[in-house]
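The block underneath contains the structure these notes are about, expressed in structure tokens.
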Amino acid sequence: MEAGSLSARDLERALHAQQEMGGLLGQVLIRLGVVSEQELARHLADQLALPLLQASDYPDVPVALEGLSIDFLLAHQVVPLAVAQGRLRVGMTVPQDEFTCRGLFLATGLEVEPCLGLESELVAALQRLYVESDTDAQEETGETDSLLGNDFVDYLKDLASEAPVIRLVNQIIAQAIDLRASDIHIEPYDDRLAVRYRIDGVLQESESPPVSLAPAVTSRIKLLAHLNIAERRLPQDGRIRTRVKGHELDLRVSTVPTVHGESVVMRVLDRASVRFGLEEMGFSADTLERFNELLTRPHGILLVTGPTGSGKTTTLYAALAKIDAVSLKILTVEDPVEYQLPGINQIQVQPQIGLSFAHALRSILRQDPDIIMIGEMRDTETAQIAVQSALTGHLVLSTLHTNTAAGAIIRLEDMGVERYLITSTVNGVLAQRLVRTLCPHCRRPVKLDAIKRKESGLARFMPPDQDTVYEAVGCAHCKHTGYRGRTSIHELFVMDERMHAAVLSGVDATTLHNVAREAGMLTLHEDGLRKVVAGVTSLDEVLRVTQDQDHA
């Protein structure tokens with residue numbers, strides 16, 4: 001209170017809470033979020049006249065001591081630091097605990113010299129020195145000690161329930177909303193805990209929390225996602241549903257073990273920010289008109305292709321939202337179901353119980369559907385059932401991982417679908433990418449001479465009286481990236497008579513692509529150039545995204 005860290009009102013609240021919860025007053029203050037763990041430890045070290053340990057003060061290997069069990073160290077949160085001249089220096093979270101100090105003296109015969117350690121750092125040291133090393137030894141000898149594991153799981157749960165950790169995890173998630181991030185990456189390294197956000201498709205690093213909090217942060221996220229907190233050697237997947245700053249959020253959580261701990265990635269699905277409108281997704285007027293015409297066909301297959309994170313599923317959702325779900329029976333099979341759509345029956349694939357894409361599709365054909373959406377064609381069986389569904393009068397929407405629209409046709413061939421079946425069922429293929437849109441506050445016009453216009457390909461789409469496009473600059477509004485938000489670029493391959501002949505003749509993807517271009521199809525790169533001319537994005541951004549395409 002003298003230092004200004006605590007008010008009389010805060011102390012009164014903490015004392016009331018202590019009567020109900022029990023425990024030490026300092027621990028209660030931390031749980032209430034009144035003071036931070038570091039701040040409390042600093043004042044406590046001054047009051048007790050004891051040294052305050054830093055993370056670097058803990059040993060790299062366990063200090064060899066006879067008669068001192070690991071169970072005792074874990075139960076009382078004690079880390080032996082050094083033995084010298086008949087004295088045992090130890091780190092403790094409660095150094096004023098005379099019972100523990102007396103126990104250490106009786107077990108070792110050494111005079112005990114206690115030091116104060118932060119609980120998060122001390123527990124991390126216990127895990128590194130005794131739990132992980134003991135686990136390695138058990139693996140070598142084939143022995144297991146479930147009691148040790150259970151003890152540490154309890155510690156992790158307690159640590160993850162501390163107010164500073166809860167607040168930190170909440171801040172990490174809330175910042176994702178402020179930054180409009182699609183993914184949160186939490187990565188432990190030897191000397192830091194990296195937190196990175198994927199914003200408009202590009203990773204940006206944020207302020208790093210103390211590396212000592214890595215086990216606590218990971219445990220907190222795993223608890224929220226209902227994952228096995230004791231399993232730290234295998235990848236896990238889960239889901240968190242929460243509400244942050246008025247936003248209903250779904251977080252898809254993935255954890256994988258790394259050298260320095262568990263790496264956590266959370267995919268942010270913000271229901272409030274999703275726009276299920278094809279008109280608002282960057283379609284050029286001519287492409288949208290042809291795509292809508294394909295959607296109105298009563299049967300056949302319509303594919304959306306592109307790499308992971310290119311917005312394929314969102315485009316399919318927008319297409320489904322446009323279709324009249326009242327007069328038509330619409331069924332989807334997805335892994336996972338990212339957003340729930342009104343009036344549409346959505347099925348979640350669950351491979352662990354045998355509910356695969358193919359198994360679910362065989363079942364829903366007996367549900368009398370009009371339109372079927374398959375989250376992804378992953379195998380031959382799924383592709384063949386989709387073809388059979390299209391042949392029997394259903395409209396099938398699905399996604400494929402191919403670079404170009406024409407490449408999807410060859411991919412279907414590779415999956416065992418006969419060419420005559422492809423020409424009979426596939427109505428069209430939409431390839432798409434996401435490009436960042438220029439920040440309207442700082443974009444800068446650039447004049448192009450005739451040579452530059454011709455070399456870049458922009459001359460084909462620019463009016464004769466236009467000689468400027470825009471480039472990225474960077475300001476406070478766009479976090480100095482020059483871009484804010486994303487839009488789509490598209491390449492729509494429509495299966496017509498010329499395409500039928502080309503597919504049946506067995507041409508490769510490049511030839512098929514060229515035939516489609518001759519028939520009037522604009523490539524992803526060309527559609528991107530149209531957006532450069534319109535001032536939506538920059539030439540550099542289009543080149544970055546379409547560098548895997550043939551610009552010729």
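FYI, nothing fancy with the structure tokens labels: chains A, B, ... in order, residues from 1 per chain, ligands from 1 as they appear.
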
**OP:** For Thr313 of chain A, list every protein, DNA or RNA residue within 10 Å, evaluated using only C-alpha atoms, and leave out those in the same chain fewer than 3 positions away; present the list as a PyMOL selection string.
**Re:** chain A and resi 304-305+308-310+316-319+334+338-339+373-376+398-399

**OP:** Please run DSSP on the backbone and report, as a VMD selection string, all residues within segment 388-480 of chain A that come out as strand (DSSP E).
**Re:** chain A and resid 395 to 400 426 to 438 444 to 447 468 to 471

Using only C-alpha atoms, find each residue in segment 247-323 of chain A having at least one atom no more than 10 Å away from segment 239-243 of chain A; report its shortest atom-to-atom pair and that distance in Å (one decimal), rows by chain then rising number, as CSV.
```
residue,atom,partner,partner_atom,distance
A:His247,CA,A:Arg243,CA,5.4
A:Glu248,CA,A:Arg243,CA,4.7
A:Leu249,CA,A:Thr242,CA,5.3
A:Asp250,CA,A:Arg241,CA,4.7
A:Leu251,CA,A:Ile240,CA,4.9
A:Arg252,CA,A:Arg239,CA,4.6
A:Val253,CA,A:Arg239,CA,5.5
A:Ser254,CA,A:Arg239,CA,8.6
A:Met266,CA,A:Arg239,CA,8.7
A:Arg267,CA,A:Arg239,CA,9.4
A:Val268,CA,A:Ile240,CA,9.7
A:Leu269,CA,A:Arg241,CA,9.6
A:Asp270,CA,A:Arg243,CA,9.7
```

Show me, as a Markdown table, the residues of segment 167-282 of chain A having an atom within 10 Å of segment 46-57 of chain A, each with the closest atom pair and its distance in Å, using only C-alpha atoms.
```
| residue | atom | partner | partner_atom | distance |
| --- | --- | --- | --- | --- |
| A:Pro210 | CA | A:Ala55 | CA | 9.6 |
| A:Val211 | CA | A:Ala55 | CA | 9.0 |
| A:Ser212 | CA | A:Ala55 | CA | 7.2 |
```

Serialized selection, N, CA, C and O atoms, as a PDB file, in the first residue's frame:
```pdb
ATOM      1  N   PRO A 210       6.627 -13.265 -21.118  1.00  0.00           N
ATOM      2  CA  PRO A 210       7.799 -13.948 -20.553  1.00  0.00           C
ATOM      3  C   PRO A 210       7.790 -15.430 -20.917  1.00  0.00           C
ATOM      4  O   PRO A 210       6.744 -16.081 -20.872  1.00  0.00           O
ATOM      5  N   VAL A 211       8.960 -15.963 -21.294  1.00  0.00           N
ATOM      6  CA  VAL A 211       9.039 -17.366 -21.701  1.00  0.00           C
ATOM      7  C   VAL A 211       8.647 -18.295 -20.558  1.00  0.00           C
ATOM      8  O   VAL A 211       8.180 -19.425 -20.775  1.00  0.00           O
ATOM      9  N   SER A 212       8.786 -17.828 -19.329  1.00  0.00           N
ATOM     10  CA  SER A 212       8.432 -18.661 -18.171  1.00  0.00           C
ATOM     11  C   SER A 212       6.943 -18.963 -18.117  1.00  0.00           C
ATOM     12  O   SER A 212       6.512 -19.914 -17.469  1.00  0.00           O
TER      13      SER A 212
END
```

**OP:** Figure out the distance between atom CA of Ser424 of chain A and atom CA of Ala501 of chain A, please, to one decimal in Å.
**Re:**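 Between atom CA of Ala501 of chain A and atom CA of Ser424 of chain A the gap works out to 11.8 Å.
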
**OP:** Determine, counting only C-alpha atoms, which protein, DNA and RNA residues have an atom within 12 Å of an atom of segment 388-393 of chain A; residues of the same chain fewer than 2 positions away are not included. Present the result as a PyMOL selection string.
**Re:** chain A and resi 297-302+358+361-366+368-374+381-386+395-398+417-418+420-427

How would the residues just picked look written out with N, CA and C atoms as a tab-separated table (two decimals), in the first residue's frame?
```tsv
chain	number	residue	atom	x	y	z
A	297	ARG	N	-27.93	-24.06	-62.35
A	297	ARG	CA	-28.14	-25.32	-63.07
A	297	ARG	C	-28.68	-26.38	-62.10
A	298	PRO	N	-29.58	-27.24	-62.57
A	298	PRO	CA	-30.22	-28.19	-61.66
A	298	PRO	C	-29.32	-29.34	-61.21
A	299	HIS	N	-28.30	-29.68	-62.00
A	299	HIS	CA	-27.42	-30.78	-61.61
A	299	HIS	C	-26.04	-30.56	-62.21
A	300	GLY	N	-25.09	-31.34	-61.72
A	300	GLY	CA	-23.70	-31.19	-62.18
A	300	GLY	C	-22.79	-30.87	-61.00
A	301	ILE	N	-21.50	-30.69	-61.29
A	301	ILE	CA	-20.49	-30.40	-60.27
A	301	ILE	C	-19.90	-29.02	-60.51
A	302	LEU	N	-19.84	-28.22	-59.46
A	302	LEU	CA	-19.19	-26.91	-59.52
A	302	LEU	C	-18.08	-26.91	-58.48
A	358	ALA	N	-16.84	-40.03	-47.56
A	358	ALA	CA	-17.51	-41.00	-48.41
A	358	ALA	C	-18.69	-41.66	-47.69
A	361	LEU	N	-21.54	-39.19	-47.40
A	361	LEU	CA	-22.18	-38.94	-48.70
A	361	LEU	C	-23.11	-40.07	-49.11
A	362	ARG	N	-22.69	-41.31	-48.85
A	362	ARG	CA	-23.55	-42.45	-49.20
A	362	ARG	C	-24.87	-42.37	-48.44
A	363	SER	N	-24.80	-41.87	-47.20
A	363	SER	CA	-26.01	-41.79	-46.37
A	363	SER	C	-26.91	-40.64	-46.81
A	364	ILE	N	-26.34	-39.49	-47.15
A	364	ILE	CA	-27.19	-38.32	-47.42
A	364	ILE	C	-27.87	-38.42	-48.78
A	365	LEU	N	-27.40	-39.30	-49.64
A	365	LEU	CA	-28.11	-39.49	-50.91
A	365	LEU	C	-29.50	-40.07	-50.67
A	366	ARG	N	-29.68	-40.73	-49.51
A	366	ARG	CA	-31.01	-41.26	-49.15
A	366	ARG	C	-31.86	-40.21	-48.43
A	368	ASP	N	-32.82	-37.44	-49.82
A	368	ASP	CA	-33.53	-36.69	-50.87
A	368	ASP	C	-33.03	-35.25	-50.99
A	369	PRO	N	-31.70	-35.05	-51.16
A	369	PRO	CA	-31.20	-33.68	-51.28
A	369	PRO	C	-31.34	-33.14	-52.69
A	370	ASP	N	-31.39	-31.82	-52.81
A	370	ASP	CA	-31.30	-31.16	-54.12
A	370	ASP	C	-29.88	-30.70	-54.38
A	371	ILE	N	-29.24	-30.17	-53.34
A	371	ILE	CA	-27.88	-29.64	-53.46
A	371	ILE	C	-27.02	-30.25	-52.37
A	372	ILE	N	-25.82	-30.69	-52.75
A	372	ILE	CA	-24.87	-31.29	-51.80
A	372	ILE	C	-23.59	-30.47	-51.84
A	373	MET	N	-23.11	-30.07	-50.67
A	373	MET	CA	-21.82	-29.38	-50.60
A	373	MET	C	-20.83	-30.29	-49.86
A	374	ILE	N	-19.71	-30.60	-50.53
A	374	ILE	CA	-18.67	-31.43	-49.94
A	374	ILE	C	-17.50	-30.52	-49.58
A	381	GLU	N	-12.80	-42.29	-53.67
A	381	GLU	CA	-14.16	-42.70	-53.33
A	381	GLU	C	-15.10	-41.50	-53.25
A	382	THR	N	-14.63	-40.42	-52.60
A	382	THR	CA	-15.45	-39.21	-52.48
A	382	THR	C	-15.74	-38.62	-53.86
A	383	ALA	N	-14.73	-38.57	-54.71
A	383	ALA	CA	-14.91	-38.00	-56.06
A	383	ALA	C	-15.91	-38.82	-56.87
A	384	GLN	N	-15.83	-40.14	-56.76
A	384	GLN	CA	-16.73	-40.99	-57.54
A	384	GLN	C	-18.18	-40.87	-57.06
A	385	ILE	N	-18.37	-40.75	-55.75
A	385	ILE	CA	-19.73	-40.57	-55.23
A	385	ILE	C	-20.28	-39.21	-55.68
A	386	ALA	N	-19.42	-38.19	-55.71
A	386	ALA	CA	-19.85	-36.87	-56.18
A	386	ALA	C	-20.31	-36.94	-57.64
A	395	LEU	N	-27.09	-31.11	-57.68
A	395	LEU	CA	-26.05	-30.11	-57.87
A	395	LEU	C	-25.03	-30.29	-56.75
A	396	VAL	N	-23.77	-30.54	-57.10
A	396	VAL	CA	-22.71	-30.81	-56.12
A	396	VAL	C	-21.71	-29.66	-56.13
A	397	LEU	N	-21.49	-29.06	-54.97
A	397	LEU	CA	-20.46	-28.02	-54.81
A	397	LEU	C	-19.33	-28.61	-53.97
A	398	SER	N	-18.09	-28.33	-54.37
A	398	SER	CA	-16.98	-28.86	-53.58
A	398	SER	C	-15.72	-28.05	-53.84
A	417	VAL	N	-11.50	-40.65	-62.01
A	417	VAL	CA	-12.77	-40.35	-62.68
A	417	VAL	C	-12.54	-40.36	-64.20
A	418	GLU	N	-13.34	-41.14	-64.91
A	418	GLU	CA	-13.17	-41.25	-66.37
A	418	GLU	C	-13.46	-39.91	-67.05
A	420	TYR	N	-15.03	-39.22	-69.82
A	420	TYR	CA	-16.41	-39.01	-70.31
A	420	TYR	C	-17.34	-38.64	-69.16
A	421	LEU	N	-17.01	-39.11	-67.93
A	421	LEU	CA	-17.81	-38.74	-66.76
A	421	LEU	C	-17.54	-37.29	-66.35
A	422	ILE	N	-16.28	-36.85	-66.53
A	422	ILE	CA	-15.93	-35.46	-66.21
A	422	ILE	C	-16.71	-34.51	-67.12
A	423	THR	N	-16.72	-34.80	-68.41
A	423	THR	CA	-17.42	-33.92	-69.34
A	423	THR	C	-18.93	-33.96	-69.13
A	424	SER	N	-19.44	-35.08	-68.59
A	424	SER	CA	-20.88	-35.21	-68.37
A	424	SER	C	-21.35	-34.52	-67.09
A	425	THR	N	-20.43	-34.33	-66.14
A	425	THR	CA	-20.86	-33.86	-64.81
A	425	THR	C	-20.34	-32.48	-64.44
A	426	VAL	N	-19.09	-32.16	-64.79
A	426	VAL	CA	-18.50	-30.89	-64.33
A	426	VAL	C	-19.07	-29.72	-65.14
A	427	ASN	N	-19.69	-28.78	-64.43
A	427	ASN	CA	-20.23	-27.57	-65.08
A	427	ASN	C	-19.17	-26.49	-65.21
```

**OP:** DSSP on the backbone, then: every residue of segment 313-515 of chain A marked alpha helix (DSSP H), written as a VMD selection string.
**Re:** chain A and resid 313 to 322 357 to 364 380 to 391 405 to 414 419 to 425 450 to 456 497 to 504 509 to 515

Original post:
Near segment 169-178 of chain A, counting only C-alpha atoms, which residues have an atom at most 8 Å away, once you skip same-chain residues fewer than 3 positions from it, shown as an MDAnalysis selection string?
Top reply: chainID A and resid 165:166 181:184 197 217 220:221 244:245 268

Original post:
Using only C-alpha atoms, which residue out of A:Gln346, A:Ala534, A:Gln547, A:Thr218 lies closest to Pro463 of chain A?
Top reply: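 Looking at the shortest contact to Pro463 of chain A, the residue is A:Ala534.
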
Subject >> Selected residue, from A:Gly261, A:Pro215, A:Gly67, A:Gly109, that lies nearest to Val123 of chain A when counting only C-alpha atoms >> reply: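 Distance minimum relative to Val123 of chain A lands on A:Pro215.
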
Subject >> 10 Å contact set for Glu471 of chain A, only C-alpha atoms, chain neighbours under 4 positions out, as a PyMOL selection string >> reply: chain A and resi 438-439+442-446+482-483+532+535-541

Those same residues - all heavy atoms - I'd like them written as a compact mmCIF listing (two decimals), in the first residue's frame.
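That gives us part_37.txt:
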```
# COMPACT_ATOMS: atom_id res chain seq x y z
N LEU A 438 -5.35 -2.18 -50.91
CA LEU A 438 -4.56 -1.02 -50.49
C LEU A 438 -5.28 -0.23 -49.39
O LEU A 438 -6.51 -0.09 -49.42
CB LEU A 438 -4.30 -0.11 -51.69
CG LEU A 438 -3.29 -0.63 -52.72
CD1 LEU A 438 -3.40 0.15 -54.01
CD2 LEU A 438 -1.87 -0.56 -52.17
N CYS A 439 -4.51 0.28 -48.46
CA CYS A 439 -5.07 1.14 -47.41
C CYS A 439 -5.54 2.45 -48.06
O CYS A 439 -4.75 3.15 -48.71
CB CYS A 439 -4.02 1.43 -46.35
SG CYS A 439 -4.54 2.63 -45.11
N CYS A 442 -3.43 5.80 -47.18
CA CYS A 442 -2.04 6.13 -47.53
C CYS A 442 -1.61 5.66 -48.91
O CYS A 442 -0.44 5.82 -49.26
CB CYS A 442 -1.09 5.55 -46.47
SG CYS A 442 -1.12 3.74 -46.37
N ARG A 443 -2.49 5.05 -49.69
CA ARG A 443 -2.08 4.58 -51.01
C ARG A 443 -1.59 5.77 -51.85
O ARG A 443 -2.10 6.89 -51.73
CB ARG A 443 -3.22 3.85 -51.72
CG ARG A 443 -4.40 4.72 -52.06
CD ARG A 443 -5.46 3.97 -52.85
NE ARG A 443 -6.48 4.90 -53.33
CZ ARG A 443 -7.41 4.60 -54.22
NH1 ARG A 443 -7.45 3.37 -54.73
NH2 ARG A 443 -8.29 5.49 -54.61
N ARG A 444 -0.60 5.50 -52.71
CA ARG A 444 0.03 6.60 -53.46
C ARG A 444 -0.06 6.32 -54.96
O ARG A 444 0.27 5.22 -55.41
CB ARG A 444 1.49 6.72 -53.04
CG ARG A 444 2.26 7.84 -53.74
CD ARG A 444 3.60 8.04 -53.07
NE ARG A 444 4.40 6.83 -53.07
CZ ARG A 444 5.40 6.60 -52.22
NH1 ARG A 444 5.68 7.48 -51.28
NH2 ARG A 444 6.11 5.47 -52.27
N PRO A 445 -0.51 7.32 -55.75
CA PRO A 445 -0.58 7.11 -57.21
C PRO A 445 0.81 7.05 -57.83
O PRO A 445 1.73 7.75 -57.40
CB PRO A 445 -1.37 8.33 -57.70
CG PRO A 445 -1.18 9.37 -56.64
CD PRO A 445 -1.00 8.64 -55.35
N VAL A 446 0.96 6.19 -58.84
CA VAL A 446 2.22 6.04 -59.56
C VAL A 446 1.93 6.14 -61.06
O VAL A 446 1.03 5.47 -61.56
CB VAL A 446 2.87 4.67 -59.27
CG1 VAL A 446 4.20 4.55 -60.01
CG2 VAL A 446 3.07 4.48 -57.79
N GLY A 482 0.70 -0.82 -45.50
CA GLY A 482 0.22 -0.33 -46.78
C GLY A 482 -1.07 -0.99 -47.25
O GLY A 482 -1.65 -0.58 -48.25
N TYR A 483 -1.49 -2.02 -46.52
CA TYR A 483 -2.69 -2.77 -46.92
C TYR A 483 -3.65 -2.91 -45.75
O TYR A 483 -3.23 -2.99 -44.59
CB TYR A 483 -2.32 -4.16 -47.43
CG TYR A 483 -1.40 -4.16 -48.62
CD1 TYR A 483 -0.02 -4.24 -48.47
CD2 TYR A 483 -1.91 -4.07 -49.91
CE1 TYR A 483 0.83 -4.23 -49.56
CE2 TYR A 483 -1.07 -4.06 -51.02
CZ TYR A 483 0.30 -4.14 -50.83
OH TYR A 483 1.13 -4.13 -51.92
N VAL A 532 -5.81 -3.95 -60.13
CA VAL A 532 -4.75 -2.93 -60.05
C VAL A 532 -5.21 -1.66 -60.77
O VAL A 532 -5.07 -0.54 -60.26
CB VAL A 532 -3.43 -3.45 -60.65
CG1 VAL A 532 -2.39 -2.34 -60.70
CG2 VAL A 532 -2.91 -4.62 -59.84
N GLY A 535 -7.52 0.41 -58.87
CA GLY A 535 -6.98 1.03 -57.65
C GLY A 535 -7.28 0.25 -56.39
O GLY A 535 -7.10 0.76 -55.27
N VAL A 536 -7.71 -1.01 -56.54
CA VAL A 536 -8.07 -1.83 -55.37
C VAL A 536 -6.83 -2.39 -54.69
O VAL A 536 -6.73 -2.44 -53.47
CB VAL A 536 -9.02 -2.98 -55.78
CG1 VAL A 536 -9.28 -3.92 -54.61
CG2 VAL A 536 -10.33 -2.41 -56.31
N THR A 537 -5.86 -2.84 -55.50
CA THR A 537 -4.65 -3.42 -54.95
C THR A 537 -3.46 -2.94 -55.77
O THR A 537 -3.61 -2.14 -56.70
CB THR A 537 -4.73 -4.96 -54.94
OG1 THR A 537 -3.63 -5.49 -54.21
CG2 THR A 537 -4.75 -5.55 -56.34
N SER A 538 -2.27 -3.42 -55.42
CA SER A 538 -1.06 -2.96 -56.11
C SER A 538 -0.53 -4.04 -57.04
O SER A 538 -0.83 -5.23 -56.88
CB SER A 538 0.03 -2.60 -55.09
OG SER A 538 0.51 -3.78 -54.45
N LEU A 539 0.30 -3.64 -57.99
CA LEU A 539 0.90 -4.58 -58.92
C LEU A 539 1.81 -5.57 -58.18
O LEU A 539 1.83 -6.76 -58.48
CB LEU A 539 1.69 -3.82 -59.99
CG LEU A 539 2.27 -4.65 -61.14
CD1 LEU A 539 1.16 -5.39 -61.88
CD2 LEU A 539 3.05 -3.75 -62.10
N ASP A 540 2.55 -5.07 -57.19
CA ASP A 540 3.45 -5.93 -56.41
C ASP A 540 2.65 -7.03 -55.70
O ASP A 540 3.10 -8.18 -55.64
CB ASP A 540 4.21 -5.10 -55.36
CG ASP A 540 5.27 -4.23 -55.99
OD1 ASP A 540 5.65 -4.51 -57.15
OD2 ASP A 540 5.72 -3.26 -55.34
N GLU A 541 1.49 -6.68 -55.15
CA GLU A 541 0.68 -7.66 -54.42
C GLU A 541 0.15 -8.73 -55.38
O GLU A 541 0.16 -9.93 -55.05
CB GLU A 541 -0.48 -6.95 -53.72
CG GLU A 541 -1.45 -7.87 -52.99
CD GLU A 541 -0.86 -8.58 -51.79
OE1 GLU A 541 0.31 -8.33 -51.44
OE2 GLU A 541 -1.58 -9.41 -51.20
```

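Of note, atom CA of Gln18 of chain A and atom CA of Asp97 of chain A are spaced 18.3 Å apart.
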